[in-house]
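Pasting data-v5.tsv here (TSV, C-alpha atoms):
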chain	number	residue	atom	x	y	z
U	1255	MET	CA	-5.68	-10.48	-63.71
U	1256	PRO	CA	-4.24	-8.90	-60.50
U	1257	SER	CA	-2.55	-11.19	-58.00
U	1258	THR	CA	-4.59	-12.19	-54.98
U	1259	LYS	CA	-1.46	-12.61	-52.87
U	1260	SER	CA	-0.65	-9.99	-50.29
U	1261	SER	CA	2.54	-7.99	-50.66
U	1262	SER	CA	4.16	-10.03	-47.88
U	1263	GLU	CA	3.37	-13.24	-49.75
U	1264	ASN	CA	4.89	-11.77	-52.92
U	1265	SER	CA	8.07	-10.83	-51.08
U	1266	GLY	CA	8.51	-14.30	-49.63
U	1267	THR	CA	7.74	-13.33	-46.03
U	1268	SER	CA	4.65	-14.22	-44.11
U	1269	SER	CA	2.64	-11.82	-42.03
U	1270	ASP	CA	3.70	-13.89	-39.00
U	1271	GLU	CA	7.38	-13.05	-39.60
U	1272	LYS	CA	8.50	-9.88	-37.88
U	1273	TYR	CA	11.72	-8.01	-38.41
U	1274	SER	CA	13.27	-7.78	-34.98
U	1275	GLY	CA	16.08	-5.43	-35.91
U	1276	PHE	CA	19.73	-5.97	-35.16
U	1277	THR	CA	20.97	-8.97	-33.22
U	1278	ALA	CA	22.41	-8.49	-29.76
U	1279	GLU	CA	25.88	-9.07	-31.24
U	1280	GLU	CA	25.32	-6.44	-33.93
U	1281	ARG	CA	24.08	-3.92	-31.35
U	1282	ALA	CA	27.13	-4.65	-29.19
U	1283	ALA	CA	29.45	-4.10	-32.18
U	1284	MET	CA	27.79	-0.75	-32.91
U	1285	LYS	CA	28.20	0.29	-29.26
U	1286	GLU	CA	31.86	-0.70	-29.43
U	1287	HIS	CA	32.26	1.38	-32.59
U	1288	ALA	CA	30.74	4.41	-30.84
U	1289	GLN	CA	33.18	3.93	-27.93
U	1290	GLU	CA	36.07	3.65	-30.40
U	1291	GLN	CA	35.03	6.95	-31.98
U	1292	LYS	CA	34.90	8.62	-28.55
U	1293	LYS	CA	38.40	7.35	-27.73
U	1294	ALA	CA	39.68	8.63	-31.07
U	1295	ALA	CA	38.12	12.03	-30.42
U	1296	ALA	CA	39.70	12.16	-26.97
U	1297	ARG	CA	43.12	11.51	-28.54
U	1298	ARG	CA	42.89	14.41	-30.99
U	1299	GLY	CA	45.43	16.49	-29.08
U	1300	SER	CA	47.94	13.65	-29.00
U	1301	THR	CA	50.87	13.24	-31.37
U	1302	ARG	CA	50.59	10.74	-34.20
U	1303	ALA	CA	52.99	8.36	-32.41
U	1304	GLU	CA	50.93	8.56	-29.21
U	1305	LYS	CA	47.70	7.85	-31.12
U	1306	GLU	CA	49.25	4.88	-32.93
U	1307	ALA	CA	50.68	3.45	-29.70
U	1308	ALA	CA	47.32	3.82	-27.94
U	1309	ALA	CA	45.47	2.21	-30.86
U	1310	GLU	CA	47.88	-0.74	-30.85
U	1311	ARG	CA	47.38	-1.16	-27.09
U	1312	ASP	CA	43.61	-1.17	-27.67
U	1313	VAL	CA	43.95	-3.86	-30.36
U	1314	LEU	CA	46.21	-6.02	-28.19
U	1315	ALA	CA	43.84	-5.63	-25.24
U	1316	LYS	CA	40.90	-6.69	-27.41
U	1317	ILE	CA	42.86	-9.72	-28.64
U	1318	ALA	CA	43.73	-10.62	-25.04
U	1319	GLU	CA	39.99	-10.71	-24.19
U	1320	MET	CA	39.22	-13.32	-26.86
U	1321	PRO	CA	38.65	-16.99	-26.06
U	1322	GLU	CA	41.90	-18.95	-26.33
U	1323	ALA	CA	41.38	-20.44	-29.81
U	1324	ASP	CA	40.53	-17.04	-31.34
U	1325	ARG	CA	43.21	-15.26	-29.31
U	1326	VAL	CA	45.96	-17.56	-30.62
U	1327	LEU	CA	44.83	-16.94	-34.21
U	1328	ALA	CA	44.46	-13.18	-33.70
U	1329	GLU	CA	47.90	-12.85	-32.10
U	1330	ARG	CA	49.56	-14.69	-34.98
U	1331	ILE	CA	47.63	-12.77	-37.63
U	1332	HIS	CA	48.51	-9.50	-35.87
U	1333	ARG	CA	52.22	-10.38	-36.04
U	1334	ILE	CA	51.94	-11.45	-39.69
U	1335	ILE	CA	50.21	-8.23	-40.74
U	1336	LYS	CA	52.64	-6.04	-38.77
U	1337	ALA	CA	55.59	-7.78	-40.45
U	1338	ALA	CA	54.11	-7.88	-43.97
U	1339	ALA	CA	52.72	-4.35	-43.97
U	1340	PRO	CA	54.24	-2.15	-41.27
U	1341	GLU	CA	52.58	0.85	-42.92
U	1342	LEU	CA	49.16	-0.41	-41.78
U	1343	ALA	CA	48.11	1.03	-38.45
U	1344	PRO	CA	46.31	-1.28	-36.01
U	1345	LYS	CA	42.97	0.04	-34.78
U	1346	LEU	CA	39.71	-1.27	-33.41
U	1347	TRP	CA	36.85	-1.42	-35.87
U	1348	TYR	CA	33.46	-2.41	-34.46
U	1349	GLY	CA	35.32	-4.12	-31.65
U	1350	MET	CA	37.54	-6.12	-34.00
U	1351	PRO	CA	41.28	-5.84	-34.60
U	1352	ALA	CA	41.72	-4.02	-37.89
U	1353	TYR	CA	44.59	-2.58	-39.88
U	1354	ALA	CA	44.24	0.72	-41.70
U	1355	ARG	CA	46.02	2.97	-44.15
U	1356	ASP	CA	45.27	6.67	-43.84
U	1357	GLY	CA	42.50	5.84	-41.37
U	1358	LYS	CA	40.70	3.48	-43.77
U	1359	VAL	CA	40.48	-0.20	-42.84
U	1360	VAL	CA	42.27	-2.51	-45.27
U	1361	CYS	CA	41.82	-5.78	-43.36
U	1362	HIS	CA	40.41	-7.06	-40.09
U	1363	PHE	CA	40.18	-10.15	-37.92
U	1364	GLN	CA	36.81	-11.29	-36.64
U	1365	SER	CA	36.80	-13.87	-33.87
U	1366	ALA	CA	34.33	-16.74	-34.16
U	1367	GLU	CA	32.90	-15.70	-30.81
U	1368	LYS	CA	32.17	-12.14	-31.97
U	1369	PHE	CA	29.03	-13.07	-33.91
U	1370	LYS	CA	28.80	-16.66	-32.67
U	1371	THR	CA	30.00	-18.18	-35.90
U	1372	ARG	CA	31.68	-21.50	-36.60
U	1373	TYR	CA	35.06	-19.99	-37.49
U	1374	ALA	CA	37.10	-16.82	-37.25
U	1375	THR	CA	37.63	-14.77	-40.40
U	1376	LEU	CA	40.29	-12.60	-41.94
U	1377	GLY	CA	38.51	-10.03	-44.07
U	1378	PHE	CA	39.59	-7.39	-46.54
U	1379	SER	CA	37.79	-4.15	-47.40
U	1380	ASP	CA	37.45	-2.46	-50.77
U	1381	GLN	CA	40.60	-0.52	-49.78
U	1382	ALA	CA	42.61	-3.72	-50.31
U	1383	ALA	CA	44.16	-4.06	-53.76
U	1384	LEU	CA	43.04	-7.67	-54.19
U	1385	ASP	CA	41.10	-7.16	-57.41
U	1386	ASP	CA	41.58	-10.14	-59.69
U	1387	GLY	CA	39.27	-10.37	-62.68
U	1388	THR	CA	35.57	-9.94	-62.12
U	1389	MET	CA	35.29	-11.84	-58.84
U	1390	TRP	CA	37.64	-12.55	-55.91
U	1391	PRO	CA	37.39	-13.52	-52.24
U	1392	VAL	CA	37.42	-10.79	-49.61
U	1393	ALA	CA	37.13	-12.95	-46.47
U	1394	TYR	CA	38.79	-16.16	-45.41
U	1395	ALA	CA	37.65	-18.63	-42.77
U	1396	VAL	CA	40.42	-19.38	-40.29
U	1397	LYS	CA	40.31	-22.40	-37.98
U	1398	GLU	CA	44.07	-22.84	-37.51
U	1399	LEU	CA	47.25	-21.53	-39.07
U	1400	THR	CA	49.91	-23.65	-40.73
U	1401	ALA	CA	53.21	-22.33	-42.06
U	1402	ALA	CA	51.67	-22.39	-45.55
U	1403	ASP	CA	48.66	-20.39	-44.28
U	1404	GLU	CA	51.00	-17.80	-42.77
U	1405	GLN	CA	52.80	-17.46	-46.11
U	1406	PHE	CA	49.45	-17.10	-47.89
U	1407	ILE	CA	48.32	-14.37	-45.46
U	1408	THR	CA	51.65	-12.59	-45.88
U	1409	ALA	CA	51.20	-12.63	-49.67
U	1410	LEU	CA	47.57	-11.45	-49.39
U	1411	VAL	CA	48.43	-8.57	-47.07
U	1412	THR	CA	51.41	-7.58	-49.20
U	1413	LYS	CA	49.17	-7.54	-52.29
U	1414	ALA	CA	46.40	-5.71	-50.40
U	1415	VAL	CA	48.66	-2.76	-49.62
U	1416	GLY	CA	50.44	-2.93	-53.01
Starting from the file, lay out its structure as structure tokens.
Amino acid sequence: MPSTKSSSENSGTSSDEKYSGFTAEERAAMKEHAQEQKKAAARRGSTRAEKEAAAERDVLAKIAEMPEADRVLAERIHRIIKAAAPELAPKLWYGMPAYARDGKVVCHFQSAEKFKTRYATLGFSDQAALDDGTMWPVAYAVKELTAADEQFITALVTKAVG
């Protein structure tokens, strides 16, 4: 016998629920990404060193705009990544500090304030060589950094670019 439920009831949503699209934070991140692409296009005539220096300035400026708790974490993580993997180039990625190899993001820092979350995160893309078995973490919540945490991040980043 055919179901008497509507398709919205079958899918677990009610007809009263409406998809409202992207959140304000998601829309802002997409706008930031579009601005980043425009800046990159404007730098096309620059030398590689000039592009890298400008991208690093952009990342440091973005970090400087963060609320203090996130800024302290982002500054330390930036230094750790630069020391552990100098071959990764800092760049902005959807308004977040990111670190790329050959233009492809390997890891990024997301402030807690960015999407109004409880904690900042250090995330890794599929470009990171972190594969370990059939399942492994690709993002880490960061509330503070101890010396042991810094060593762990150094090892992760080193493995990611390995």
Compile the contact shell of stretch 1298-1311 of chain U as a VMD selection string: residues with an atom at most 9 Å away, counting only C-alpha atoms, same-chain residues fewer than 2 positions apart removed. chain U and resid 1293 to 1296 1313 to 1316 1343 to 1346
Extract, using all atoms listed in the file, all DNA, RNA and protein residues at most 10 Å from stretch 1349-1360 of chain U, discarding same-chain residues fewer than 3 positions from it, and format them as a tab-separated table (two decimals) with C-alpha atoms, in the frame of the given file.
chain	number	residue	atom	x	y	z
U	1282	ALA	CA	27.13	-4.65	-29.19
U	1283	ALA	CA	29.45	-4.10	-32.18
U	1284	MET	CA	27.79	-0.75	-32.91
U	1285	LYS	CA	28.20	0.29	-29.26
U	1286	GLU	CA	31.86	-0.70	-29.43
U	1287	HIS	CA	32.26	1.38	-32.59
U	1288	ALA	CA	30.74	4.41	-30.84
U	1289	GLN	CA	33.18	3.93	-27.93
U	1290	GLU	CA	36.07	3.65	-30.40
U	1309	ALA	CA	45.47	2.21	-30.86
U	1310	GLU	CA	47.88	-0.74	-30.85
U	1312	ASP	CA	43.61	-1.17	-27.67
U	1313	VAL	CA	43.95	-3.86	-30.36
U	1314	LEU	CA	46.21	-6.02	-28.19
U	1315	ALA	CA	43.84	-5.63	-25.24
U	1316	LYS	CA	40.90	-6.69	-27.41
U	1317	ILE	CA	42.86	-9.72	-28.64
U	1328	ALA	CA	44.46	-13.18	-33.70
U	1329	GLU	CA	47.90	-12.85	-32.10
U	1331	ILE	CA	47.63	-12.77	-37.63
U	1332	HIS	CA	48.51	-9.50	-35.87
U	1335	ILE	CA	50.21	-8.23	-40.74
U	1336	LYS	CA	52.64	-6.04	-38.77
U	1339	ALA	CA	52.72	-4.35	-43.97
U	1340	PRO	CA	54.24	-2.15	-41.27
U	1341	GLU	CA	52.58	0.85	-42.92
U	1342	LEU	CA	49.16	-0.41	-41.78
U	1343	ALA	CA	48.11	1.03	-38.45
U	1344	PRO	CA	46.31	-1.28	-36.01
U	1345	LYS	CA	42.97	0.04	-34.78
U	1346	LEU	CA	39.71	-1.27	-33.41
U	1363	PHE	CA	40.18	-10.15	-37.92
U	1364	GLN	CA	36.81	-11.29	-36.64
U	1365	SER	CA	36.80	-13.87	-33.87
U	1368	LYS	CA	32.17	-12.14	-31.97
U	1376	LEU	CA	40.29	-12.60	-41.94
U	1377	GLY	CA	38.51	-10.03	-44.07
U	1378	PHE	CA	39.59	-7.39	-46.54
U	1379	SER	CA	37.79	-4.15	-47.40
U	1380	ASP	CA	37.45	-2.46	-50.77
U	1381	GLN	CA	40.60	-0.52	-49.78
U	1382	ALA	CA	42.61	-3.72	-50.31
U	1383	ALA	CA	44.16	-4.06	-53.76
U	1411	VAL	CA	48.43	-8.57	-47.07
U	1414	ALA	CA	46.40	-5.71	-50.40
U	1415	VAL	CA	48.66	-2.76	-49.62
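With distances restricted to all atoms listed in the file, U:Thr1412 is the closest residue to U:Ile1334 from U:Thr1375, U:Thr1277, U:Thr1412, U:Gln1291.
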Computed interatomic separation between atom CA of U:Tyr1273 and atom CA of U:Thr1371 (Å): 21.1 Å
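The interatomic distance for the pair atom CA of U:Lys1370 and atom CA of U:Val1326 works out to 17.3 Å.
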Kindly list the centre and edge lengths in Å, rounded to one decimal, for the axis-aligned box that covers all listed atoms of stretch 1328-1333 of chain U plus 4 Å on each of its six sides, as lines of an AutoDock Vina configuration file.
center_x = 48.3
center_y = -12.1
center_z = -34.9
size_x = 15.8
size_y = 13.2
size_z = 13.5
Please determine, counting only C-alpha atoms, which residue among U:Lys1413, U:Arg1372, U:His1362, U:Arg1333 has the shortest atom-to-atom distance to U:Asp1386. U:Lys1413
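Going from atom CA of U:Glu1280 to atom CA of U:Pro1391 covers 23.0 Å.
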Selected residue, from U:Ala1366, U:Leu1327, U:Ala1337, U:Leu1384, that lies nearest to U:Leu1410 when counting only C-alpha atoms: U:Leu1384
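Among the candidates U:Ala1338, U:Ala1409, U:Cys1361, U:Ala1323, the one nearest to U:Lys1397 when counting all atoms listed in the file is U:Ala1323.
Compared by their closest atoms to U:Thr1400, and using only C-alpha atoms, the residues U:Lys1292, U:Arg1330, U:Ala1278, U:Pro1321 rank with U:Arg1330 nearest.
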